[in-house]
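Colleague: Enclosed is the structure file start.cif (mmCIF, C-alpha atoms).
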```
data_final
#
loop_
_atom_site.label_atom_id
_atom_site.label_comp_id
_atom_site.auth_asym_id
_atom_site.auth_seq_id
_atom_site.Cartn_x
_atom_site.Cartn_y
_atom_site.Cartn_z
CA MET Y 14 2.76 7.34 -23.67
CA ALA Y 15 -0.62 5.66 -23.38
CA ASP Y 16 -3.08 7.19 -20.91
CA GLY Y 17 -3.14 4.01 -18.77
CA ALA Y 18 0.63 3.93 -18.56
CA ALA Y 19 0.80 7.63 -17.70
CA LEU Y 20 -1.71 7.15 -14.89
CA ALA Y 21 0.28 4.20 -13.56
CA SER Y 22 3.42 6.32 -13.68
CA ASP Y 23 1.81 9.08 -11.63
CA GLN Y 24 0.61 6.64 -9.01
CA ARG Y 25 3.61 4.39 -8.62
CA PHE Y 26 6.83 6.36 -9.18
CA ARG Y 27 8.10 9.90 -9.60
CA PRO Y 28 10.24 11.49 -12.32
CA GLU Y 29 12.91 11.86 -9.62
CA ASP Y 30 13.07 8.06 -9.34
CA VAL Y 31 13.86 7.75 -13.03
CA GLU Y 32 16.51 10.46 -12.76
CA THR Y 33 18.13 8.72 -9.79
CA TRP Y 34 18.17 5.47 -11.75
CA ARG Y 35 19.87 7.19 -14.67
CA ARG Y 36 22.43 8.99 -12.50
CA GLU Y 37 23.23 6.37 -9.86
CA GLY Y 38 22.26 3.15 -11.64
CA ALA Y 39 19.79 2.06 -8.96
CA VAL Y 40 16.88 3.41 -6.93
CA VAL Y 41 14.63 1.96 -4.22
CA ILE Y 42 10.92 2.75 -4.67
CA PRO Y 43 8.84 1.69 -1.63
CA GLY Y 44 5.14 0.84 -1.91
CA PHE Y 45 5.09 0.38 -5.68
CA PHE Y 46 2.53 -2.45 -5.60
CA THR Y 47 -0.70 -2.39 -3.60
CA ARG Y 48 -1.27 -4.66 -0.60
CA GLU Y 49 -3.83 -6.62 -2.61
CA GLU Y 50 -1.45 -7.15 -5.53
CA THR Y 51 1.33 -8.17 -3.16
CA ALA Y 52 -0.81 -10.63 -1.19
CA ALA Y 53 -2.00 -12.35 -4.38
CA VAL Y 54 1.59 -12.78 -5.60
CA VAL Y 55 2.70 -14.16 -2.22
CA ALA Y 56 -0.07 -16.76 -2.36
CA ASP Y 57 1.20 -17.84 -5.78
CA PHE Y 58 4.80 -18.05 -4.52
CA GLU Y 59 3.68 -20.31 -1.69
CA ALA Y 60 1.74 -22.52 -4.11
CA VAL Y 61 4.54 -22.76 -6.68
CA PHE Y 62 7.42 -23.33 -4.29
CA GLY Y 63 5.45 -25.26 -1.67
CA ARG Y 64 7.03 -23.46 1.28
CA THR Y 65 6.17 -20.58 3.55
CA ALA Y 66 9.38 -20.32 5.61
CA GLY Y 67 13.02 -21.31 5.75
CA ALA Y 68 15.12 -23.00 8.39
CA GLU Y 69 15.93 -21.79 11.89
CA GLU Y 70 19.62 -21.25 11.15
CA ALA Y 71 21.46 -19.67 8.25
CA LEU Y 72 23.87 -21.62 6.07
CA GLU Y 73 27.35 -20.11 6.09
CA ARG Y 74 29.86 -21.37 3.51
CA LYS Y 75 32.50 -18.68 3.72
CA ALA Y 76 35.32 -18.14 6.17
CA GLU Y 77 35.41 -15.13 8.46
CA GLY Y 78 36.13 -11.98 6.50
CA MET Y 79 35.62 -13.56 3.07
CA VAL Y 80 33.28 -12.15 0.44
CA GLY Y 81 30.61 -14.37 -1.01
CA ARG Y 82 30.93 -16.68 -3.98
CA PHE Y 83 28.55 -17.80 -6.70
CA HIS Y 84 27.31 -21.38 -6.48
CA PRO Y 85 24.35 -23.25 -8.00
CA SER Y 86 22.30 -23.57 -4.81
CA GLN Y 87 21.79 -19.77 -4.77
CA PHE Y 88 19.65 -20.13 -7.91
CA LYS Y 89 17.66 -23.19 -6.87
CA GLY Y 90 14.57 -21.04 -6.31
CA VAL Y 91 14.62 -19.31 -9.71
CA ALA Y 92 11.69 -20.06 -12.02
CA PRO Y 93 10.82 -18.10 -15.20
CA VAL Y 94 7.23 -17.32 -16.13
CA PRO Y 95 4.81 -18.71 -17.08
CA LEU Y 96 4.24 -20.72 -13.90
CA PRO Y 97 1.44 -23.11 -12.83
CA CYS Y 98 -0.40 -20.55 -10.71
CA SER Y 99 -2.85 -17.67 -11.00
CA PRO Y 100 -2.42 -14.59 -13.23
CA ALA Y 101 -1.18 -12.64 -10.18
CA LEU Y 102 2.41 -13.91 -10.33
CA ASN Y 103 2.38 -14.63 -14.06
CA LEU Y 104 1.48 -11.06 -15.01
CA ILE Y 105 2.97 -8.96 -12.21
CA GLY Y 106 6.23 -8.70 -14.18
CA VAL Y 107 4.39 -6.84 -16.95
CA HIS Y 108 2.26 -4.69 -14.66
CA PRO Y 109 1.27 -1.44 -16.44
CA ALA Y 110 3.31 0.57 -13.94
CA LEU Y 111 6.43 -1.48 -14.68
CA ILE Y 112 5.85 -0.91 -18.38
CA ALA Y 113 5.54 2.81 -17.65
CA PHE Y 114 8.80 2.88 -15.70
CA ALA Y 115 10.64 0.98 -18.44
CA ARG Y 116 9.32 3.37 -21.09
CA ALA Y 117 10.42 6.38 -19.07
CA ALA Y 118 13.81 4.95 -18.17
CA LEU Y 119 14.65 3.80 -21.70
CA ASN Y 120 13.01 6.81 -23.37
CA ALA Y 121 11.02 4.51 -25.65
CA GLU Y 122 7.35 3.90 -26.38
CA ALA Y 123 7.86 0.24 -27.32
CA VAL Y 124 9.65 -1.89 -24.72
CA HIS Y 125 10.09 -5.64 -24.39
CA VAL Y 126 10.54 -7.77 -21.30
CA TYR Y 127 13.46 -10.11 -21.98
CA GLN Y 128 13.74 -11.74 -18.57
CA CYS Y 129 10.96 -12.36 -16.06
CA GLN Y 130 11.50 -14.86 -13.30
CA ALA Y 131 10.34 -15.52 -9.77
CA TRP Y 132 13.07 -16.03 -7.19
CA ALA Y 133 12.28 -17.61 -3.84
CA LYS Y 134 15.03 -17.63 -1.22
CA PHE Y 135 14.83 -19.37 2.16
CA THR Y 136 17.07 -19.24 5.23
CA GLY Y 137 19.35 -22.27 5.28
CA GLU Y 138 18.75 -23.19 1.63
CA SER Y 139 22.04 -21.63 0.55
CA ASP Y 140 24.66 -19.12 1.53
CA TYR Y 141 23.36 -16.33 -0.70
CA ASP Y 142 26.30 -13.97 -0.17
CA GLN Y 143 27.82 -12.98 -3.52
CA PRO Y 144 30.69 -10.76 -4.63
CA PHE Y 145 29.95 -7.39 -6.19
CA HIS Y 146 29.38 -7.78 -9.90
CA CYS Y 147 27.68 -6.18 -12.91
CA ASP Y 148 25.04 -8.02 -14.94
CA PHE Y 149 26.06 -6.99 -18.43
CA PRO Y 150 28.22 -10.11 -19.16
CA ASN Y 151 25.10 -12.33 -19.32
CA HIS Y 152 22.70 -9.73 -20.73
CA THR Y 153 24.74 -8.64 -23.76
CA LEU Y 154 27.68 -10.04 -25.75
CA THR Y 155 29.37 -6.65 -25.92
CA ALA Y 156 29.50 -3.95 -23.24
CA PRO Y 157 27.15 -1.51 -21.50
CA SER Y 158 26.52 1.71 -23.35
CA GLU Y 159 27.44 5.11 -21.95
CA ASP Y 160 23.83 6.09 -22.71
CA GLU Y 161 21.57 4.51 -20.05
CA ALA Y 162 18.64 4.51 -22.49
CA ARG Y 163 20.61 2.19 -24.78
CA ASN Y 164 21.11 -0.35 -22.02
CA SER Y 165 18.31 -2.07 -20.13
CA VAL Y 166 16.56 -1.78 -16.80
CA THR Y 167 16.21 -4.67 -14.37
CA ILE Y 168 13.41 -4.18 -11.86
CA LEU Y 169 13.76 -6.26 -8.71
CA CYS Y 170 10.31 -6.57 -7.12
CA TYR Y 171 9.96 -7.51 -3.44
CA PHE Y 172 6.75 -9.24 -2.31
CA THR Y 173 7.81 -10.01 1.26
CA ASP Y 174 9.34 -7.57 3.75
CA VAL Y 175 13.06 -7.57 2.99
CA SER Y 176 15.51 -6.52 5.68
CA ASP Y 177 19.24 -7.21 5.59
CA ALA Y 178 18.47 -10.40 7.51
CA HIS Y 179 16.20 -11.41 4.62
CA GLY Y 180 18.77 -11.09 1.86
CA ALA Y 181 18.35 -7.51 0.69
CA MET Y 182 20.33 -6.84 -2.47
CA HIS Y 183 23.25 -4.48 -1.86
CA TYR Y 184 24.48 -2.06 -4.49
CA VAL Y 185 26.99 0.74 -5.04
CA PRO Y 186 25.71 3.99 -6.58
CA ARG Y 187 27.46 4.75 -9.87
CA THR Y 188 28.96 8.02 -8.60
CA ASP Y 189 30.64 6.04 -5.80
CA SER Y 190 31.73 3.00 -7.81
CA ALA Y 191 33.40 5.35 -10.31
CA LYS Y 192 35.89 6.17 -7.54
CA VAL Y 193 36.87 2.49 -7.44
CA ALA Y 194 36.55 1.03 -10.95
CA GLY Y 195 34.47 0.99 -14.09
CA PRO Y 196 32.03 -1.82 -14.88
CA ASP Y 197 34.61 -3.64 -17.02
CA ALA Y 198 36.51 -4.55 -13.83
CA THR Y 199 33.81 -7.13 -13.14
CA LEU Y 200 35.35 -9.23 -15.95
CA SER Y 201 38.72 -9.68 -14.23
CA GLN Y 202 39.62 -13.23 -13.21
CA ASP Y 203 42.70 -12.13 -11.27
CA PRO Y 204 42.19 -12.96 -7.55
CA GLN Y 205 44.21 -10.00 -6.30
CA ALA Y 206 42.42 -7.55 -8.59
CA GLN Y 207 39.07 -8.96 -7.50
CA ALA Y 208 39.98 -8.72 -3.82
CA LYS Y 209 40.95 -5.07 -4.30
CA LEU Y 210 37.73 -4.40 -6.24
CA GLN Y 211 35.54 -6.00 -3.56
CA ALA Y 212 37.25 -4.11 -0.74
CA GLY Y 213 36.95 -0.81 -2.57
CA LEU Y 214 33.27 -1.26 -3.39
CA SER Y 215 32.38 -2.48 0.11
CA ALA Y 216 33.20 0.96 1.49
CA TYR Y 217 30.30 2.42 -0.51
CA GLU Y 218 27.68 -0.33 -0.50
CA ARG Y 219 24.05 0.44 0.25
CA SER Y 220 21.18 -1.83 1.15
CA SER Y 221 17.98 -2.12 -0.87
CA ALA Y 222 16.03 -3.28 2.21
CA ALA Y 223 12.39 -2.31 1.77
CA PRO Y 224 8.87 -3.43 2.72
CA ALA Y 225 6.78 -5.85 0.69
CA GLY Y 226 5.49 -4.28 -2.51
CA SER Y 227 8.65 -2.25 -3.17
CA VAL Y 228 10.76 -2.32 -6.33
CA VAL Y 229 14.44 -1.71 -7.03
CA PRO Y 230 15.20 -0.76 -10.64
CA TYR Y 231 18.90 -1.02 -11.52
CA THR Y 232 21.12 -1.08 -14.59
CA ILE Y 233 23.33 -3.77 -16.12
CA ASP Y 234 26.45 -1.73 -15.32
CA VAL Y 235 25.81 -1.07 -11.61
CA TYR Y 236 27.76 -3.08 -9.03
CA HIS Y 237 25.50 -5.12 -6.76
CA ARG Y 238 25.46 -8.40 -4.87
CA GLY Y 239 23.11 -10.85 -3.22
CA THR Y 240 23.32 -11.21 0.57
CA ASN Y 241 22.63 -14.13 2.83
CA LEU Y 242 19.36 -14.87 4.62
CA THR Y 243 20.05 -15.06 8.36
CA ALA Y 244 16.58 -14.45 9.83
CA PRO Y 245 15.16 -17.57 11.55
CA ASN Y 246 12.48 -19.10 9.30
CA GLY Y 247 13.25 -16.34 6.81
CA ARG Y 248 12.03 -16.10 3.24
CA ARG Y 249 12.43 -13.64 0.39
CA PHE Y 250 9.92 -13.70 -2.45
CA ALA Y 251 11.08 -11.54 -5.35
CA LEU Y 252 10.67 -11.23 -9.10
CA MET Y 253 13.16 -10.01 -11.68
CA SER Y 254 11.63 -8.13 -14.60
CA CYS Y 255 14.18 -6.98 -17.19
CA TRP Y 256 13.36 -4.51 -19.96
CA LYS Y 257 14.95 -3.31 -23.18
CA LYS Y 258 13.90 -1.16 -26.11
CA ALA Y 259 11.89 -3.18 -28.61
CA GLY Y 260 14.17 -4.23 -31.45
CA ASP Y 261 17.41 -4.02 -29.47
CA GLU Y 262 18.95 -7.36 -30.45
CA ALA Y 263 22.17 -6.62 -28.53
CA ILE Y 264 20.44 -7.34 -25.20
CA GLY Y 265 18.72 -10.57 -24.23
CA PHE Y 266 18.31 -13.43 -21.78
CA HIS Y 267 15.18 -15.57 -22.22
CA ALA Y 268 14.10 -16.63 -25.70
CA TRP Y 269 10.42 -16.94 -24.86
CA PRO Y 270 9.49 -19.38 -27.68
CA PHE Y 271 12.17 -21.77 -26.39
CA HIS Y 272 9.98 -22.20 -23.29
CA HIS Y 273 6.94 -23.15 -25.36
CA THR Y 274 6.17 -26.19 -23.18
CA GLN Y 275 5.44 -23.92 -20.21
CA PRO Y 276 1.79 -23.00 -19.47
CA TRP Y 277 1.61 -19.93 -21.72
CA ALA Y 278 -2.19 -20.00 -21.69
CA ARG Y 279 -1.94 -18.74 -18.09
CA ILE Y 280 -0.58 -15.52 -19.60
CA PHE Y 281 -2.38 -15.31 -22.95
CA ASP Y 282 -5.81 -15.91 -21.42
CA HIS Y 283 -5.46 -13.00 -18.99
CA ALA Y 284 -3.00 -10.47 -20.43
CA THR Y 285 -3.88 -7.27 -22.26
CA PRO Y 286 -2.56 -6.67 -25.79
CA GLU Y 287 -0.13 -4.15 -24.27
CA GLN Y 288 1.24 -6.77 -21.87
CA LEU Y 289 1.53 -9.42 -24.59
CA ALA Y 290 3.37 -6.94 -26.80
CA CYS Y 291 6.05 -6.80 -24.11
CA PHE Y 292 6.75 -10.48 -24.81
CA GLY Y 293 7.05 -9.73 -28.52
CA VAL Y 294 3.49 -10.57 -29.58
CA GLN Y 295 2.41 -8.36 -32.50
CA PRO Y 296 -0.14 -5.73 -31.33
CA PRO Y 297 -3.61 -5.25 -32.82
CA GLY Y 298 -3.38 -3.63 -36.25
CA HIS Y 299 0.01 -5.14 -37.07
CA PRO Y 300 0.23 -6.56 -40.62
CA PHE Y 301 1.00 -9.98 -39.15
CA TRP Y 302 -2.64 -10.37 -38.16
CA THR Y 303 -4.86 -11.81 -40.87
CA GLU Y 304 -7.91 -14.06 -40.71
CA THR Y 305 -5.58 -17.03 -41.07
CA THR Y 306 -3.10 -16.04 -38.35
CA LEU Y 307 -5.98 -15.17 -36.02
CA ALA Y 308 -7.50 -18.61 -36.55
CA ARG Y 309 -4.15 -20.32 -35.97
CA ALA Y 310 -3.50 -18.30 -32.82
CA GLN Y 311 -6.98 -19.10 -31.51
CA ALA Y 312 -6.33 -22.81 -32.10
CA ARG Y 313 -3.17 -22.59 -30.00
CA TYR Y 314 -4.79 -20.57 -27.21
CA PRO Y 315 -8.55 -21.26 -27.19
CA GLY Y 316 -9.10 -19.02 -24.16
CA TRP Y 317 -7.31 -16.00 -25.63
CA ASP Y 318 -9.62 -13.04 -26.23
CA LEU Y 319 -8.64 -11.99 -29.74
CA SER Y 320 -11.44 -9.46 -30.15
CA PRO Y 321 -9.09 -6.40 -30.09
CA TYR Y 322 -7.04 -7.97 -32.89
CA ARG Y 323 -10.14 -8.87 -34.91
CA ALA Y 324 -11.56 -5.37 -34.46
CA ALA Y 325 -8.35 -3.77 -35.69
CA LEU Y 326 -8.32 -6.09 -38.72
CA ALA Y 327 -11.93 -5.26 -39.56
CA LYS Y 328 -11.24 -1.53 -39.22
CA ALA Y 329 -8.34 -1.78 -41.65
CA ALA Y 330 -10.36 -3.72 -44.24
#
```
Reformat the file's structure so that it appears as structure tokens.
Modeller:
Amino acid sequence: MADGAALASDQRFRPEDVETWRREGAVVIPGFFTREETAAVVADFEAVFGRTAGAEEALERKAEGMVGRFHPSQFKGVAPVPLPCSPALNLIGVHPALIAFARAALNAEAVHVYQCQAWAKFTGESDYDQPFHCDFPNHTLTAPSEDEARNSVTILCYFTDVSDAHGAMHYVPRTDSAKVAGPDATLSQDPQAQAKLQAGLSAYERSSAAPAGSVVPYTIDVYHRGTNLTAPNGRRFALMSCWKKAGDEAIGFHAWPFHHTQPWARIFDHATPEQLACFGVQPPGHPFWTETTLARAQARYPGWDLSPYRAALAKAA
């Protein structure tokens, strides 16, 4: 592990956090980001989404005693990077400490971020209550591995104070959900089976409520659900950063080149080679880099500092 990543690891999370993630499928880590980092990201959220608060009253779409349902309005505030704002929000998803956690969790030196999106929720915008579910159906075409290091790690990052009234994600630790059902039960379309699953998991659910700057790493096979925002004028600014081992083609979500019309210069002009490598950009010293490819890359991103790549090429000559 690189020295910078090791330092970030020591400062931001403990080995016990990684072990809890591996054993239970989820862990809440308060105070992961500094106040300064958090404030800068909040300012970007406000600029991108054009709002600072939600409505006075919550929107309730479910009958008394019913579990939540998925519907499009819950995802209205989802926006993948890059975004038309400062580097604060655009690069927070590949913060060195997040890279360090992903490396430790997946037991890999090279990791890629395959999903990175801001998610702004506001009271009254939607009924955000969801049923318990696992994420593996839309992160892989097969099934979650029994080896956590062969799966992926999603890191939910909170940038506003998140109480249960502000839509804290709820989850069921793996040792508890095993008493109810395995992750494959999330695939069932049978209403009675789903009702039984939801009731069984509800008995063990925990809240991820945490102050601004906290993170919640969880796995693609852990049961979790979104909850509604009920706080008057409430808001929840969060970011999803999902990681896999580099080269693991079985897991995916965003195909970054497909989003080529987005403002990628906001990332390339400010990111380190280590951060760019997380998006799949070849690192300095890789055979891909030649005088020709460097010139072409510079033409695409005039503000990109390619000096580390040029230095590595010169050293190899």
Colleague: Work out how far atom CA of His237 of chain Y is from atom CA of Val193 of chain Y, in Å to one decimal.
Modeller: 13.7 Å
Colleague: What is the distance between atom CA of Asn246 of chain Y and atom CA of Thr65 of chain Y, in Å to one decimal?
Modeller: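 For atom CA of Asn246 of chain Y relative to atom CA of Thr65 of chain Y, the distance reads 8.7 Å.
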Colleague: For segment 255-270 of chain Y, work out the shell of residues within 8 Å, counting all atoms listed in the file and skipping chain neighbours fewer than 2 positions away, then give it as a list in words.
Modeller: Ala115, Leu119, Ala121, Ala123, Val124, His125, Val126, Tyr127, Gln128, Cys129, Asn151, His152, Thr153, Leu154, Thr155, Arg163, Asn164, Ser165, Val166, Thr167, Ile168, Met253, His272, His273 and Phe292 of chain Y
Colleague: Evaluating the PyMOL selection byres ((chain Y and resi 186) around 12) on the displayed file yields which residues, as a PyMOL selection string?
Modeller: chain Y and resi 33-41+183-185+187-193+195-196+214-221+231-232+234-237
Colleague: Return the single residue from Y:Val294, Y:Ala198, Y:Ala244, Y:Ala56 that is closest to Leu102 of chain Y, with distances computed using all atoms listed in the file.
Modeller: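 The shortest atom-to-atom distance to Leu102 of chain Y comes from Y:Ala56.
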Colleague: Point out the residue among Y:Val175, Y:Val94, Y:Val54, Y:Ala308 with the least atom-to-atom distance to Ile280 of chain Y, counting all atoms listed in the file.
Modeller: Y:Val94
Colleague: For segment 172-183 of chain Y, what centre and edge lengths in Å (one decimal) does the axis-aligned box get once 5 Å is added on each side of all its listed atoms, as lines of an AutoDock Vina configuration file?
Modeller:
```
center_x = 15.0
center_y = -7.9
center_z = 2.5
size_x = 26.5
size_y = 16.9
size_z = 20.0
```
Colleague: Could you work out how far atom CA of Asp174 of chain Y lies from atom CA of Gly63 of chain Y, giving the answer in Å with one decimal?
Modeller: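 Taking atom CA of Gly63 of chain Y and atom CA of Asp174 of chain Y, their separation equals 18.9 Å.
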Colleague: Considering only C-alpha atoms, return as a list in words whatever protein or nucleic-acid residues lie within 10 Å of Leu242 of chain Y, sequence-local ones (same chain, fewer than 3 positions apart) excluded.
Modeller: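 Near Leu242 of chain Y, the qualifying residues are Gly67, Ala68, Glu70, Ala71, Leu72, Glu73, Lys134, Phe135, Thr136, Gly137, Glu138, Ser139, Asp140, Tyr141, Asp142, Val175, Ser176, Asp177, Ala178, His179, Gly180, Ala181, Gly239, Pro245, Asn246, Gly247, Arg248 and Arg249 of chain Y.
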Colleague: From the list Y:Thr306, Y:Ser227, Y:Gln130, Y:Asn120, which residue is nearest Asp160 of chain Y when using only C-alpha atoms?
Modeller: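 Ranking Y:Thr306, Y:Ser227, Y:Gln130, Y:Asn120 by distance to Asp160 of chain Y, first place goes to Y:Asn120.
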Colleague: Which residue is closest to Glu161 of chain Y? Choose from Y:Cys291, Y:Leu200, Y:Ala117, Y:Ala278 and count all atoms listed in the file.
Modeller: Y:Ala117
Colleague: Run the PyMOL selection byres ((chain Y and resi 88) around 10) against the file shown and list the residues it catches, as a count of residues only.
Modeller: 14
Colleague: I would like the residues chosen by the PyMOL selection byres ((chain Y and resi 281) around 12) on the shown file; could you give them as a VMD selection string?
Modeller: chain Y and resid 94 to 95 100 103 to 104 275 to 280 282 to 290 292 294 310 to 311 313 to 319
Colleague: How would the residues just chosen look if you wrote them out with C-alpha atoms as a short mmCIF file (atom, residue, chain, number, x, y, z; two decimals), in the coordinates of the input?
Modeller:
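Full text of part.cif as output:
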```
data_model
loop_
_atom_site.label_atom_id
_atom_site.label_comp_id
_atom_site.auth_asym_id
_atom_site.auth_seq_id
_atom_site.Cartn_x
_atom_site.Cartn_y
_atom_site.Cartn_z
CA VAL Y 94 7.23 -17.32 -16.13
CA PRO Y 95 4.81 -18.71 -17.08
CA PRO Y 100 -2.42 -14.59 -13.23
CA ASN Y 103 2.38 -14.63 -14.06
CA LEU Y 104 1.48 -11.06 -15.01
CA GLN Y 275 5.44 -23.92 -20.21
CA PRO Y 276 1.79 -23.00 -19.47
CA TRP Y 277 1.61 -19.93 -21.72
CA ALA Y 278 -2.19 -20.00 -21.69
CA ARG Y 279 -1.94 -18.74 -18.09
CA ILE Y 280 -0.58 -15.52 -19.60
CA ASP Y 282 -5.81 -15.91 -21.42
CA HIS Y 283 -5.46 -13.00 -18.99
CA ALA Y 284 -3.00 -10.47 -20.43
CA THR Y 285 -3.88 -7.27 -22.26
CA PRO Y 286 -2.56 -6.67 -25.79
CA GLU Y 287 -0.13 -4.15 -24.27
CA GLN Y 288 1.24 -6.77 -21.87
CA LEU Y 289 1.53 -9.42 -24.59
CA ALA Y 290 3.37 -6.94 -26.80
CA PHE Y 292 6.75 -10.48 -24.81
CA VAL Y 294 3.49 -10.57 -29.58
CA ALA Y 310 -3.50 -18.30 -32.82
CA GLN Y 311 -6.98 -19.10 -31.51
CA ARG Y 313 -3.17 -22.59 -30.00
CA TYR Y 314 -4.79 -20.57 -27.21
CA PRO Y 315 -8.55 -21.26 -27.19
CA GLY Y 316 -9.10 -19.02 -24.16
CA TRP Y 317 -7.31 -16.00 -25.63
CA ASP Y 318 -9.62 -13.04 -26.23
CA LEU Y 319 -8.64 -11.99 -29.74
#
```
Colleague: Nearest to Ala329 of chain Y among Y:Phe62, Y:Phe114, Y:Tyr171, Y:Trp302, with distances taken over only C-alpha atoms: which residue is it?
Modeller: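 Checking each of Y:Phe62, Y:Phe114, Y:Tyr171, Y:Trp302 against Ala329 of chain Y, counting only C-alpha atoms, the winner is Y:Trp302.
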Colleague: Considering all atoms listed in the file, state which residue in the set Y:Cys98, Y:Val31, Y:Val229, Y:Ala251 is at the smallest distance from Thr51 of chain Y.
Modeller: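 When distances to Thr51 of chain Y are compared using all atoms listed in the file, the smallest one comes from Y:Ala251.
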Colleague: Using all atoms listed in the file, collect all residues at a distance of at most 7 Å from (29.1, -14.2, -5.1) as written in the file, then present them as a list of chain:residue names.
Modeller: Y:Gly81, Y:Arg82, Y:Phe83, Y:Asp142, Y:Gln143, Y:Pro144, Y:Phe145, Y:Arg238
Colleague: Name the residues in contact with Ala325 of chain Y at a cut-off of 12 Å, using all atoms listed in the file, excluding same-chain residues fewer than 5 positions from it; report them as a ChimeraX atom specification.
Modeller: /Y:286,296-304,307,319-320,330
Colleague: Reconstruct segment 54-68 of chain Y at the level of N, CA and C atoms, and format the result as a short mmCIF file (atom, residue, chain, number, x, y, z; two decimals), keeping the file's coordinate frame.
Modeller:
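Final file, rebuild_33.cif:
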```cif
data_model
loop_
_atom_site.label_atom_id
_atom_site.label_comp_id
_atom_site.auth_asym_id
_atom_site.auth_seq_id
_atom_site.Cartn_x
_atom_site.Cartn_y
_atom_site.Cartn_z
N VAL Y 54 0.33 -12.23 -5.10
CA VAL Y 54 1.59 -12.78 -5.60
C VAL Y 54 2.22 -13.70 -4.56
N VAL Y 55 2.16 -13.31 -3.29
CA VAL Y 55 2.70 -14.16 -2.22
C VAL Y 55 1.99 -15.51 -2.20
N ALA Y 56 0.69 -15.51 -2.34
CA ALA Y 56 -0.07 -16.76 -2.36
C ALA Y 56 0.40 -17.66 -3.50
N ASP Y 57 0.69 -17.06 -4.65
CA ASP Y 57 1.20 -17.84 -5.78
C ASP Y 57 2.60 -18.38 -5.50
N PHE Y 58 3.46 -17.57 -4.89
CA PHE Y 58 4.80 -18.05 -4.52
C PHE Y 58 4.69 -19.27 -3.61
N GLU Y 59 3.83 -19.20 -2.63
CA GLU Y 59 3.68 -20.31 -1.69
C GLU Y 59 3.18 -21.57 -2.40
N ALA Y 60 2.28 -21.38 -3.36
CA ALA Y 60 1.74 -22.52 -4.11
C ALA Y 60 2.80 -23.12 -5.04
N VAL Y 61 3.55 -22.27 -5.72
CA VAL Y 61 4.54 -22.76 -6.68
C VAL Y 61 5.72 -23.43 -6.00
N PHE Y 62 6.22 -22.81 -4.93
CA PHE Y 62 7.42 -23.33 -4.29
C PHE Y 62 7.12 -24.25 -3.12
N GLY Y 63 5.86 -24.30 -2.69
CA GLY Y 63 5.45 -25.26 -1.67
C GLY Y 63 6.03 -25.02 -0.30
N ARG Y 64 6.43 -23.78 -0.02
CA ARG Y 64 7.03 -23.46 1.28
C ARG Y 64 6.59 -22.07 1.71
N THR Y 65 6.51 -21.90 3.01
CA THR Y 65 6.17 -20.58 3.55
C THR Y 65 7.29 -20.00 4.40
N ALA Y 66 8.30 -20.80 4.74
CA ALA Y 66 9.38 -20.32 5.61
C ALA Y 66 10.62 -21.16 5.41
N GLY Y 67 11.75 -20.60 5.83
CA GLY Y 67 13.02 -21.31 5.75
C GLY Y 67 13.37 -21.97 7.07
N ALA Y 68 14.64 -22.30 7.22
CA ALA Y 68 15.12 -23.00 8.39
C ALA Y 68 15.38 -22.04 9.55
#
```
